[in-house]
Structure formats: structure tokens, C-alpha cells
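Contents: one structure, followed by commentary.
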2 protein chains.
Amino acid sequence: MARIEKWYEKVGDCSDVVCSTRVRLARNLRSYPFPAHASGKQKEEIAAKIREALLSGNSILADTFSYLPLENLTEEEAVSLVERHIVSPEFISDRRGKAILISADESVSIMINEEDHLRIQILREGLSLKGAAEMADRIDTLLGESLDFAFDSEFGFLTQCPTNLGTGMRASVMLHLPALIENGAMSRISNNLSKLGLTLRGTYGEGTQVVGGLYQLSNQITLGLSETEAVANLNAIASQLIEEERRARKEMSASIVLQDKIDRAAGVMKSAKLLSANEFMELLSYLRFGLSTGILHGVREEELNTLSVRVQPATLMAREGRSMDQNERDILRATLTREICAKIKE
Amino acid sequence: MARIEKWYEKVGDCSDVVCSTRVRLARNLRSYPFPAHASGKQKEEIAAKIREALLSGNSILADTFSYLPLENLTEEEAVSLVERHIVSPEFISDRRGKAILISADESVSIMINEEDHLRIQILREGLSLKGAAEMADRIDTLLGESLDFAFDSEFGFLTQCPTNLGTGMRASVMLHLPALIENGAMSRISNNLSKLGLTLRGTYGEGTQVVGGLYQLSNQITLGLSETEAVANLNAIASQLIEEERRARKEMSASIVLQDKIDRAAGVMKSAKLLSANEFMELLSYLRFGLSTGILHGVREEELNTLSVRVQPATLMAREGRSMDQNERDILRATLTREICAKIKE
């Protein structure tokens, strides 16, 4: 069977600044309590119904999905799902009664029995809000043909957390903003965004750190705004940020201090024998910066994206099929990094 | 005229551990007060006599010397003499009445009117105590033919500072001891050496810091011990230290942590656009370590020695013939370093 390319191995729009786009829909089945209050047996029924609705749905989409009960996964496989942004960190902390449906290219996934019965998630390369929202809509429609979603004519889709009421949609883009960090503009930008109903978060979502200059920009409001309006709004703001980041990079690209940091990062990526996950992300940020400003050449954005998924701690171990201590991981991460970065040129 | 190779451009014995050997003799003229108490006119007379004694000496040696009154030098040229270990930092702090005689290959120099009337200094590549002492003796003999040195049958040669009384000789070797620093053995070694009448000092002599793993090992005792005994004693101890350093390197060379540091150092040297003098010395230490353990290849020890002289702050400026700010120096240092280090291979 031919290997199916993962979504992050493709190059997307505005990929100099946008690493990925994510849209997720929260849905619940009308005749069951929310997962927090459902019994084990009820969760099993919920999972079975969702699986059935997707896999027997009369759509070409259904062909490509795998169904994974979370209890069947090793710790490495489960954490690797978080590292690949397929599931939330909370989702794998207690795995009982939970399952995940994943498409072969990992661009569509459905978390079953997370906070809501279903969390439909679409991941896309680059800036692709409209495309991702349309795909989410197709999956939603497909599932809605056989599932009875909890829906209120006044509030819209019902969700466990009131902040998701209404469209149940959250859309986000993962932005790489090293120049706006470097020139100190981020705190101003972050304040302005919250006034517009948008929020900037760390790399792995709410309450997480910013790693390697990556920010998640997402919509906050799900009530009183259609999916289309929310997506258009987010798209407009993201586009402004992208332009601002590009301007800042251009202004900065003649700076010898920046060139030094970028060329050193490439030098270390080409030569290190040990590389921690955090250092990797910080160096990667400079590499991306260098490629987008033309200071570096020879490696493609999507190769770096693939590498950055591949070298995450649990993903490394899941692919090796064994547990590894930190030193072993740092050695393997450095080896994989040297292989990809050997071709980088100034 | 053919360019004369400098002493530090040659490869010497034990050059994996020993950067250079230095022997100096302190001498004074009988009929003048020590420089601290001499008048300007007396210092002029002293300088003229020494110059005359050397340059009109009936020896082939005399051909290659330049005479430089310190007052004729720019600040950069003067500091560059310190960086090349030709003169002491104190020698250039007040330049009145002082002069220096330097051989074309910079291996022989005579400071005039430093603490003593003459400080004859021999610098040699690698471990070469016997050779350096013999050369010092030849210069001493040559000068002694026409100069009347202050000598006491009981105390030997008279010097301003009593610690130099007797032979007036101090011999030292510049040792590169990164492995003994890394494995924590240096404090034990330093204590033992002082019991043996030897002393370990920083890179630029008494009271200076250890830079890039470089230590100056020198004899302390000048009284009651002949030059030959002192040199043999220092040579024996240096040889022990060299063996100890080599063993430590061998034990350490399989360590991935060390390989990582060495390969990163090479990576940074090949790619940095800005390089401070201190960082250069620290990275150079890892490069030398890497070459001696076979982790790195492609560049010769003496090329690195030449580079390390070339990139010192004042030497950089003296060769450019102009004053440069720190940023300009860091850029030029990085450029010269990349040129030499481009050929380094793992």
C-alpha cells in the first residue's frame, strides 16, 4: 500500500508565517449525558454510535479512518497524539471510555468522550481556514445524517462548557512570529487581539508555554456569530499579523546580530550530537526565520515541519517502538536533525 | 623580501598539549640604577647601550632584530605585543624610556627598561625548554661580551625584585588542559605543583584568568638552583602533566557529551557572524581538544595557533591599521575564523 502523505508534509499558503490551521467542532448526542456524567456503559455506546455513523457513512471520507480506543495505546503512542496536535493533553490523562478516529493523513480526527461526546478536528498545512471549516462542515453533515446532535433553537449546539455553546466551533492558526517577539511587539498585539474577541495562546493550547516562537491564534466567541463570520474574522486578523510579521522580518533581515543567531542555529543543527526537544524548537525557530528571509537555503519548510513532528519525545519513541531515556532521545533527535540540516546553505 | 615565518606558525613537540615554551632572563647593567629609579636620560643611555650591544654584536643573530621605542607605537601595536606574549601588560602601561628589540620571527625579544634593564625572552612552539634555554644563553653571552651585567658572587645576577635574584631566569610552558579541567583534577594538581616550587597561572601570566583552558606552568625558584636544574625540573613536571592530560582525553573521548561540545564548537566556528575574543578562545579550546582526540580533522594545530594570535583585539586592529569598535572586531574575527574553520571535518 502506498504511504499516505501526512497533512504536515505538504506546503500551504503563507507557510512562511503560518505553520497550520485548525478547526474543531464540539458536538453531543441528545440522548446521553455529557461524558463527565456518563457511565462506562454509556460511553461505550456513544463511541460505538459515532464510529458506526462515520465508518458506515455513505461517503468516500469513511474509507480512510482508523478507530483507536485510547486504552489500547502505549503511553508513547498516546503522548505522540498530543505532540502531533491530534488530541488535547487532557484527553489522554484518563483514557477510560475514550477513543479516537483518525484519517490516514491525520488531517481529520474525532475525539470521542473528551469534554463533549465528539470533538471533530481538522488540521491543515499553512493558512487554510476556509478549507478547514468546509471540511469540518462535511464531516459534521455526514455524522448528522445518522446521529441526533443536542441542539437548541435559541442557543445552538449544546456543549458541556458554556464557552462552546452556539456554533461549537473553535478555529485557530499556529503562527510563527519570531520577528514580532524579537522587536518586542507581541505584548501590544496580544492586548489588542483580546479586544477583538481573539486570543493568543502557547504552542500546545491554553495555559501552555510559547515554544520556538509559535503562537496559537484562535476565536473566543462561539455564540451570536455564525461559523462563516467567525472564520472570516479570524482570517482577517491572521492576515494582518502575517503582514506585520513579514514587515518586521524584512526590517530585521539586514541585522548582523540576527544573521549571527540564524547562522549559529544552522551550525548547531548541523553538528550537535545531543539535542533536547526545547533547544530543537528554539533553533528551529531561527531556521524558519532564516529560510523565510533568504539568509538560509537548501531545506524546505515542510521538511522542517515533518522533522519537528518526528523528533518530539513520545513520537520518537512511538516510531522506534520502545521506551528511551532522555539521553537516547537527545542522541536520536540530534541524528535526525543533522540528516535533514546537512543540506542547509547560507 | 621573503616573509619570515613566525615561531607560532611552526609545529612543535607535544603540540597536542603544549602551545608554547617561554624562557626569560632578567639582567641589569652594573653602572645604572634600576629603571624605577633611573632618570629619563639614564634610560636613554641604557637603551642605546643594549641596542648597540645586540645589533653590532659579532653574530648572525644581530641581523634579524628590529628596534622599537615604545613611544613610537600606536595603542593597537603596543597592546598587540601583549597579545602575542612578547611583552608584559605592565611594560606598555607607561611607555616612557622603554623600547623593545624583536627578532623577525618574534621568537626572541628584549624588553628594555621594564622592571629590570633587560628582559631577554625566548618563545618557542610546543615543548622546547632545553632549546629555548640554550637560545637565551646565546643571547645572554652575546650581550655579555659588551655589557657589564650586575652580578654578585654570592647572589648571582642582581635584579630589582628579590624573587628573580640568582639565575634571573623564569621558564614557563603554556599548557592546554581541557580534559583535566573537565574531569575536575586541576585544583589537586595546582596544589601539588606549588609544593614542588612550580606555579600554574592564567593565560597572560600572574593574576590573569584562565582563558580557553590555557595554563602557564612556570618555575618559582631562581636562587640556589642552576638554570639547567630549573629547566630539567620544569620539563619533568610538564611531561607528567602532558601524560595526565593525554590519559584524561583518551578516557573522555568516547563521551557523547564531549563529542557534542566539540562538534557544536566546530559548528559555531564555521557559521558565526559575530565572535567575541573570549568566546573564540573557549571554542578554540574545544577545537584543539577535538583535533587531538581525532573527533575533528582537516585543520592543523599551527593554523589554529596563528589564527588565535591574528584575532586578538589589538592585533586585529594593528593589522588593519585602524581603530575598530567591538562590533567591527567581532565581525572580522568571525570572518577570519570561518575561513580557517570551513575545512574542519568530523
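Every chain in the C-alpha cells takes a letter, A first, then B, and so on in the order presented; its residues are numbered from 1, and the ligands are numbered from 1 following the presented order.
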Counting only C-alpha atoms, which residues of chain A fall within 9 Å of chain B, and what is the closest atom pair for each with its distance in Å at one decimal, ordered by chain and rising number, as CSV?
```
residue,atom,partner,partner_atom,distance
A:Ile256,CA,B:Lys273,CA,6.9
A:Val257,CA,B:Leu274,CA,7.3
A:Gln259,CA,B:Lys273,CA,6.8
A:Asp260,CA,B:Lys273,CA,4.5
A:Lys261,CA,B:Ala272,CA,7.6
A:Ile262,CA,B:Ala272,CA,8.7
A:Asp263,CA,B:Ser271,CA,5.4
A:Arg264,CA,B:Ala272,CA,5.3
A:Ala265,CA,B:Val268,CA,8.3
A:Ala266,CA,B:Ser271,CA,7.7
A:Gly267,CA,B:Gly267,CA,4.4
A:Val268,CA,B:Arg264,CA,5.5
A:Met269,CA,B:Gly267,CA,8.3
A:Lys270,CA,B:Gly267,CA,7.0
A:Ser271,CA,B:Asp263,CA,5.4
A:Ala272,CA,B:Arg264,CA,5.3
A:Lys273,CA,B:Asp260,CA,4.5
A:Leu274,CA,B:Asp260,CA,6.0
A:Leu275,CA,B:Asp260,CA,9.0
A:Ile331,CA,B:Ile256,CA,8.4
A:Glu346,CA,B:Ser271,CA,9.0
```
Inset, instruction - Can you pull out every residue within 10 Å of Pro33 of chain A, counting only C-alpha atoms, but drop anything in the same chain fewer than 2 positions away, and send it as a ChimeraX atom specification? - result: /A:28-31,35-39,42-43,116-117,160
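Minimum atom-to-atom distance to Val11 of chain A, evaluated using only C-alpha atoms, belongs to A:Glu302 out of A:Leu287, A:Gln312, A:Glu302, A:Ala236.
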Inset, instruction - Mind giving me the straight-line distance from atom CA of Met174 of chain A to atom CA of Ser190 of chain A in Å, one decimal? - result: 14.4 Å
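If you measure from each of A:Ser109, A:Ser103, A:Ser80, A:Gln220 to Asp63 of chain A using only C-alpha atoms, the closest one turns out to be A:Ser103.
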Legend entry - Every residue of segment 45-244 of chain A that DSSP places in helix (DSSP H, G or I), as JSON, numbers by chain: {"A": [45, 46, 47, 48, 49, 50, 51, 52, 53, 54, 55, 60, 61, 62, 63, 64, 70, 71, 72, 75, 76, 77, 78, 79, 80, 81, 82, 83, 90, 91, 92, 129, 130, 131, 132, 133, 134, 135, 136, 137, 138, 139, 140, 141, 142, 143, 144, 162, 163, 164, 178, 179, 180, 181, 182, 186, 187, 188, 189, 190, 191, 192, 193, 194, 195, 227, 228, 229, 230, 231, 232, 233, 234, 235, 236, 237, 238, 239, 240, 241, 242, 243, 244]}
File of the preceding selection, C-alpha atoms, as a PDB file, in the first residue's frame:
```
ATOM      1  CA  GLU A  45     -22.499   3.092  23.444  1.00  0.00           C
ATOM      2  CA  ILE A  46     -21.617   6.653  22.471  1.00  0.00           C
ATOM      3  CA  ALA A  47     -18.278   5.556  20.986  1.00  0.00           C
ATOM      4  CA  ALA A  48     -19.908   2.713  19.076  1.00  0.00           C
ATOM      5  CA  LYS A  49     -22.568   5.004  17.620  1.00  0.00           C
ATOM      6  CA  ILE A  50     -20.094   7.624  16.464  1.00  0.00           C
ATOM      7  CA  ARG A  51     -17.792   5.029  14.956  1.00  0.00           C
ATOM      8  CA  GLU A  52     -20.704   3.416  13.154  1.00  0.00           C
ATOM      9  CA  ALA A  53     -22.004   6.761  11.910  1.00  0.00           C
ATOM     10  CA  LEU A  54     -18.637   7.659  10.403  1.00  0.00           C
ATOM     11  CA  LEU A  55     -17.386   4.350   9.069  1.00  0.00           C
ATOM     12  CA  ILE A  60     -15.605   8.329   0.424  1.00  0.00           C
ATOM     13  CA  LEU A  61     -14.350  10.012   3.604  1.00  0.00           C
ATOM     14  CA  ALA A  62     -15.198   6.940   5.651  1.00  0.00           C
ATOM     15  CA  ASP A  63     -12.618   4.814   3.862  1.00  0.00           C
ATOM     16  CA  THR A  64      -9.547   6.343   5.340  1.00  0.00           C
ATOM     17  CA  LEU A  70      -7.321   5.026  23.932  1.00  0.00           C
ATOM     18  CA  GLU A  71      -6.905   2.144  26.354  1.00  0.00           C
ATOM     19  CA  ASN A  72      -5.179   0.137  23.607  1.00  0.00           C
ATOM     20  CA  GLU A  75       1.960   5.730  26.752  1.00  0.00           C
ATOM     21  CA  GLU A  76       4.288   6.820  23.896  1.00  0.00           C
ATOM     22  CA  GLU A  77       1.582   6.415  21.266  1.00  0.00           C
ATOM     23  CA  ALA A  78      -0.890   8.405  23.360  1.00  0.00           C
ATOM     24  CA  VAL A  79       1.522  11.279  24.066  1.00  0.00           C
ATOM     25  CA  SER A  80       2.547  11.288  20.427  1.00  0.00           C
ATOM     26  CA  LEU A  81      -1.077  12.147  19.550  1.00  0.00           C
ATOM     27  CA  VAL A  82      -0.729  15.262  21.716  1.00  0.00           C
ATOM     28  CA  GLU A  83       2.603  16.138  20.129  1.00  0.00           C
ATOM     29  CA  GLU A  90      -6.400  16.386  28.948  1.00  0.00           C
ATOM     30  CA  PHE A  91      -7.826  13.807  26.588  1.00  0.00           C
ATOM     31  CA  ILE A  92      -5.122  11.235  27.328  1.00  0.00           C
ATOM     32  CA  LEU A 129      -9.351  28.465   7.447  1.00  0.00           C
ATOM     33  CA  LYS A 130     -11.999  28.340   4.784  1.00  0.00           C
ATOM     34  CA  GLY A 131     -10.895  24.925   3.533  1.00  0.00           C
ATOM     35  CA  ALA A 132     -10.672  23.531   7.057  1.00  0.00           C
ATOM     36  CA  ALA A 133     -14.107  24.912   8.006  1.00  0.00           C
ATOM     37  CA  GLU A 134     -15.649  23.413   4.892  1.00  0.00           C
ATOM     38  CA  MET A 135     -14.144  20.025   5.646  1.00  0.00           C
ATOM     39  CA  ALA A 136     -15.399  20.232   9.251  1.00  0.00           C
ATOM     40  CA  ASP A 137     -18.828  21.039   7.868  1.00  0.00           C
ATOM     41  CA  ARG A 138     -18.743  17.985   5.568  1.00  0.00           C
ATOM     42  CA  ILE A 139     -17.838  15.656   8.448  1.00  0.00           C
ATOM     43  CA  ASP A 140     -20.481  17.297  10.641  1.00  0.00           C
ATOM     44  CA  THR A 141     -23.115  16.781   7.932  1.00  0.00           C
ATOM     45  CA  LEU A 142     -22.059  13.198   7.329  1.00  0.00           C
ATOM     46  CA  LEU A 143     -22.309  12.378  11.037  1.00  0.00           C
ATOM     47  CA  GLY A 144     -25.540  14.355  11.443  1.00  0.00           C
ATOM     48  CA  PRO A 162     -20.844  27.278  28.033  1.00  0.00           C
ATOM     49  CA  THR A 163     -17.969  28.957  26.203  1.00  0.00           C
ATOM     50  CA  ASN A 164     -18.518  26.485  23.365  1.00  0.00           C
ATOM     51  CA  PRO A 178       9.956  35.336  15.754  1.00  0.00           C
ATOM     52  CA  ALA A 179      10.412  38.868  14.393  1.00  0.00           C
ATOM     53  CA  LEU A 180       7.488  40.270  16.403  1.00  0.00           C
ATOM     54  CA  ILE A 181       8.927  38.620  19.517  1.00  0.00           C
ATOM     55  CA  GLU A 182      12.404  39.961  18.706  1.00  0.00           C
ATOM     56  CA  MET A 186       3.982  40.862  20.997  1.00  0.00           C
ATOM     57  CA  SER A 187       2.572  42.256  24.250  1.00  0.00           C
ATOM     58  CA  ARG A 188       0.847  45.144  22.439  1.00  0.00           C
ATOM     59  CA  ILE A 189      -0.518  42.758  19.817  1.00  0.00           C
ATOM     60  CA  SER A 190      -1.757  40.293  22.408  1.00  0.00           C
ATOM     61  CA  ASN A 191      -3.706  43.035  24.243  1.00  0.00           C
ATOM     62  CA  ASN A 192      -5.316  44.314  21.053  1.00  0.00           C
ATOM     63  CA  LEU A 193      -6.401  40.840  19.998  1.00  0.00           C
ATOM     64  CA  SER A 194      -8.359  40.116  23.156  1.00  0.00           C
ATOM     65  CA  LYS A 195     -10.415  43.268  22.495  1.00  0.00           C
ATOM     66  CA  GLU A 227     -19.133  29.848  11.691  1.00  0.00           C
ATOM     67  CA  THR A 228     -18.585  31.795   8.486  1.00  0.00           C
ATOM     68  CA  GLU A 229     -18.353  35.139  10.288  1.00  0.00           C
ATOM     69  CA  ALA A 230     -16.033  33.732  12.944  1.00  0.00           C
ATOM     70  CA  VAL A 231     -13.742  32.224  10.336  1.00  0.00           C
ATOM     71  CA  ALA A 232     -13.716  35.383   8.208  1.00  0.00           C
ATOM     72  CA  ASN A 233     -12.907  37.446  11.295  1.00  0.00           C
ATOM     73  CA  LEU A 234     -10.053  35.175  12.324  1.00  0.00           C
ATOM     74  CA  ASN A 235      -8.755  35.050   8.762  1.00  0.00           C
ATOM     75  CA  ALA A 236      -8.677  38.846   8.537  1.00  0.00           C
ATOM     76  CA  ILE A 237      -6.771  39.252  11.793  1.00  0.00           C
ATOM     77  CA  ALA A 238      -4.373  36.428  10.965  1.00  0.00           C
ATOM     78  CA  SER A 239      -3.639  38.088   7.632  1.00  0.00           C
ATOM     79  CA  GLN A 240      -2.830  41.362   9.378  1.00  0.00           C
ATOM     80  CA  LEU A 241      -0.486  39.594  11.783  1.00  0.00           C
ATOM     81  CA  ILE A 242       1.184  37.775   8.899  1.00  0.00           C
ATOM     82  CA  GLU A 243       1.841  41.084   7.138  1.00  0.00           C
ATOM     83  CA  GLU A 244       3.132  42.644  10.363  1.00  0.00           C
TER      84      GLU A 244
END
```
Inset, instruction - Identify, on the basis of only C-alpha atoms, every residue whose closest approach to Ser285 of chain B does not exceed 9 Å; exclude the query and any residue fewer than 2 positions from it along the same chain; express the result as a list in words. - result: His176, Leu177, Pro178, Val211, Gly212, Gly213, Leu214, Ile262, Ala265, Phe280, Met281, Glu282, Leu283, Leu287, Arg288, Phe289 and Gly290 of chain B
Legend entry - Val309 of chain B environment, 9 Å, only C-alpha atoms, sequence neighbours closer than 4 positions dropped, as an MDAnalysis selection string: chainID B and resid 8 80 83:84 304:305 315:316
Just the selected residues (all heavy atoms), exported as a PDB file, in the first residue's frame, please.
```pdb
ATOM      1  N   TYR B   8      55.152  30.874  16.060  1.00  0.00           N
ATOM      2  CA  TYR B   8      53.897  30.172  16.375  1.00  0.00           C
ATOM      3  C   TYR B   8      53.234  29.574  15.132  1.00  0.00           C
ATOM      4  O   TYR B   8      52.189  28.947  15.221  1.00  0.00           O
ATOM      5  CB  TYR B   8      52.922  31.106  17.105  1.00  0.00           C
ATOM      6  CG  TYR B   8      52.724  32.453  16.464  1.00  0.00           C
ATOM      7  CD1 TYR B   8      51.886  32.593  15.358  1.00  0.00           C
ATOM      8  CD2 TYR B   8      53.389  33.577  16.953  1.00  0.00           C
ATOM      9  CE1 TYR B   8      51.719  33.828  14.758  1.00  0.00           C
ATOM     10  CE2 TYR B   8      53.220  34.815  16.358  1.00  0.00           C
ATOM     11  CZ  TYR B   8      52.381  34.932  15.272  1.00  0.00           C
ATOM     12  OH  TYR B   8      52.206  36.149  14.684  1.00  0.00           O
ATOM     13  N   SER B  80      48.994  44.786  20.960  1.00  0.00           N
ATOM     14  CA  SER B  80      49.223  43.576  20.167  1.00  0.00           C
ATOM     15  C   SER B  80      50.480  42.841  20.640  1.00  0.00           C
ATOM     16  O   SER B  80      50.538  41.612  20.615  1.00  0.00           O
ATOM     17  CB  SER B  80      49.328  43.935  18.679  1.00  0.00           C
ATOM     18  OG  SER B  80      49.672  42.805  17.928  1.00  0.00           O
ATOM     19  N   GLU B  83      49.342  40.771  23.443  1.00  0.00           N
ATOM     20  CA  GLU B  83      48.553  39.633  22.962  1.00  0.00           C
ATOM     21  C   GLU B  83      49.429  38.544  22.364  1.00  0.00           C
ATOM     22  O   GLU B  83      49.114  37.361  22.443  1.00  0.00           O
ATOM     23  CB  GLU B  83      47.540  40.112  21.915  1.00  0.00           C
ATOM     24  CG  GLU B  83      46.463  41.011  22.503  1.00  0.00           C
ATOM     25  CD  GLU B  83      45.561  41.629  21.444  1.00  0.00           C
ATOM     26  OE1 GLU B  83      45.911  41.567  20.240  1.00  0.00           O
ATOM     27  OE2 GLU B  83      44.517  42.177  21.817  1.00  0.00           O
ATOM     28  N   ARG B  84      50.540  38.947  21.774  1.00  0.00           N
ATOM     29  CA  ARG B  84      51.458  37.953  21.203  1.00  0.00           C
ATOM     30  C   ARG B  84      52.466  37.455  22.226  1.00  0.00           C
ATOM     31  O   ARG B  84      53.407  36.753  21.873  1.00  0.00           O
ATOM     32  CB  ARG B  84      52.159  38.569  19.984  1.00  0.00           C
ATOM     33  CG  ARG B  84      51.200  38.706  18.795  1.00  0.00           C
ATOM     34  CD  ARG B  84      51.885  39.337  17.606  1.00  0.00           C
ATOM     35  NE  ARG B  84      51.950  40.793  17.737  1.00  0.00           N
ATOM     36  CZ  ARG B  84      52.828  41.563  17.115  1.00  0.00           C
ATOM     37  NH1 ARG B  84      53.752  41.019  16.349  1.00  0.00           N
ATOM     38  NH2 ARG B  84      52.812  42.876  17.272  1.00  0.00           N
ATOM     39  N   LEU B 304      45.598  26.946  13.747  1.00  0.00           N
ATOM     40  CA  LEU B 304      44.768  27.477  14.830  1.00  0.00           C
ATOM     41  C   LEU B 304      45.572  28.427  15.717  1.00  0.00           C
ATOM     42  O   LEU B 304      45.056  29.452  16.172  1.00  0.00           O
ATOM     43  CB  LEU B 304      44.184  26.340  15.669  1.00  0.00           C
ATOM     44  CG  LEU B 304      43.164  25.450  14.955  1.00  0.00           C
ATOM     45  CD1 LEU B 304      42.637  24.382  15.914  1.00  0.00           C
ATOM     46  CD2 LEU B 304      42.002  26.273  14.401  1.00  0.00           C
ATOM     47  N   ASN B 305      46.847  28.075  15.971  1.00  0.00           N
ATOM     48  CA  ASN B 305      47.689  28.968  16.767  1.00  0.00           C
ATOM     49  C   ASN B 305      47.840  30.324  16.085  1.00  0.00           C
ATOM     50  O   ASN B 305      47.738  31.369  16.725  1.00  0.00           O
ATOM     51  CB  ASN B 305      49.074  28.347  16.990  1.00  0.00           C
ATOM     52  CG  ASN B 305      49.017  27.144  17.908  1.00  0.00           C
ATOM     53  OD1 ASN B 305      48.024  26.950  18.617  1.00  0.00           O
ATOM     54  ND2 ASN B 305      50.060  26.342  17.890  1.00  0.00           N
ATOM     55  N   THR B 315      45.660  43.047  17.969  1.00  0.00           N
ATOM     56  CA  THR B 315      46.373  42.513  16.807  1.00  0.00           C
ATOM     57  C   THR B 315      45.515  42.652  15.550  1.00  0.00           C
ATOM     58  O   THR B 315      46.015  43.008  14.474  1.00  0.00           O
ATOM     59  CB  THR B 315      46.782  41.048  17.067  1.00  0.00           C
ATOM     60  OG1 THR B 315      47.529  40.996  18.284  1.00  0.00           O
ATOM     61  CG2 THR B 315      47.622  40.495  15.931  1.00  0.00           C
ATOM     62  N   LEU B 316      44.202  42.392  15.703  1.00  0.00           N
ATOM     63  CA  LEU B 316      43.265  42.621  14.597  1.00  0.00           C
ATOM     64  C   LEU B 316      43.375  44.046  14.079  1.00  0.00           C
ATOM     65  O   LEU B 316      43.480  44.282  12.880  1.00  0.00           O
ATOM     66  CB  LEU B 316      41.812  42.438  15.085  1.00  0.00           C
ATOM     67  CG  LEU B 316      41.118  41.098  14.936  1.00  0.00           C
ATOM     68  CD1 LEU B 316      39.663  41.244  15.343  1.00  0.00           C
ATOM     69  CD2 LEU B 316      41.213  40.577  13.511  1.00  0.00           C
TER      70      LEU B 316
END
```
Inset, instruction - Please identify all polymer residues within 7 Å of Gly166 of chain B, counting only C-alpha atoms, omitting same-chain residues fewer than 5 positions from it, and present them as a PyMOL selection string. - result: chain B and resi 155-158+222-223
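Closest approach to Val87 of chain A among A:Gln121, A:Ser276, A:Gln216, A:Ser253: A:Gln121, based on only C-alpha atoms.
One finds atom CA of Phe65 of chain B at 24.0 Å from atom CA of Gly40 of chain B.
Neighbours of Lys250 of chain B closer than or equal to 8 Å, with only C-alpha atoms counted and sequence neighbours fewer than 4 positions away skipped, come out as Arg246, Ala254 and Thr293 of chain B.
Distance-wise, atom CA of Ala171 of chain B and atom CA of Phe149 of chain B end up 20.3 Å apart.
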Contacts of segment 271-303 of chain A with segment 339-344 of chain A up to 6 Å, shortest pair per row, only C-alpha atoms, as CSV:
```
residue,atom,partner,partner_atom,distance
A:His297,CA,A:Ile344,CA,5.7
A:Gly298,CA,A:Ile344,CA,4.7
A:Val299,CA,A:Ile344,CA,5.8
```
Could you write those residues out with N, CA and C atoms, as a CSV table (one decimal), in the first residue's frame?
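Written file, part12.csv:
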```csv
chain,number,residue,atom,x,y,z
A,297,HIS,N,19.2,28.6,2.9
A,297,HIS,CA,18.6,27.9,1.7
A,297,HIS,C,18.8,26.4,1.9
A,298,GLY,N,18.2,25.7,1.0
A,298,GLY,CA,18.6,24.3,0.8
A,298,GLY,C,17.7,23.3,1.5
A,299,VAL,N,16.8,23.7,2.4
A,299,VAL,CA,15.8,22.8,3.0
A,299,VAL,C,14.4,23.4,2.9
```
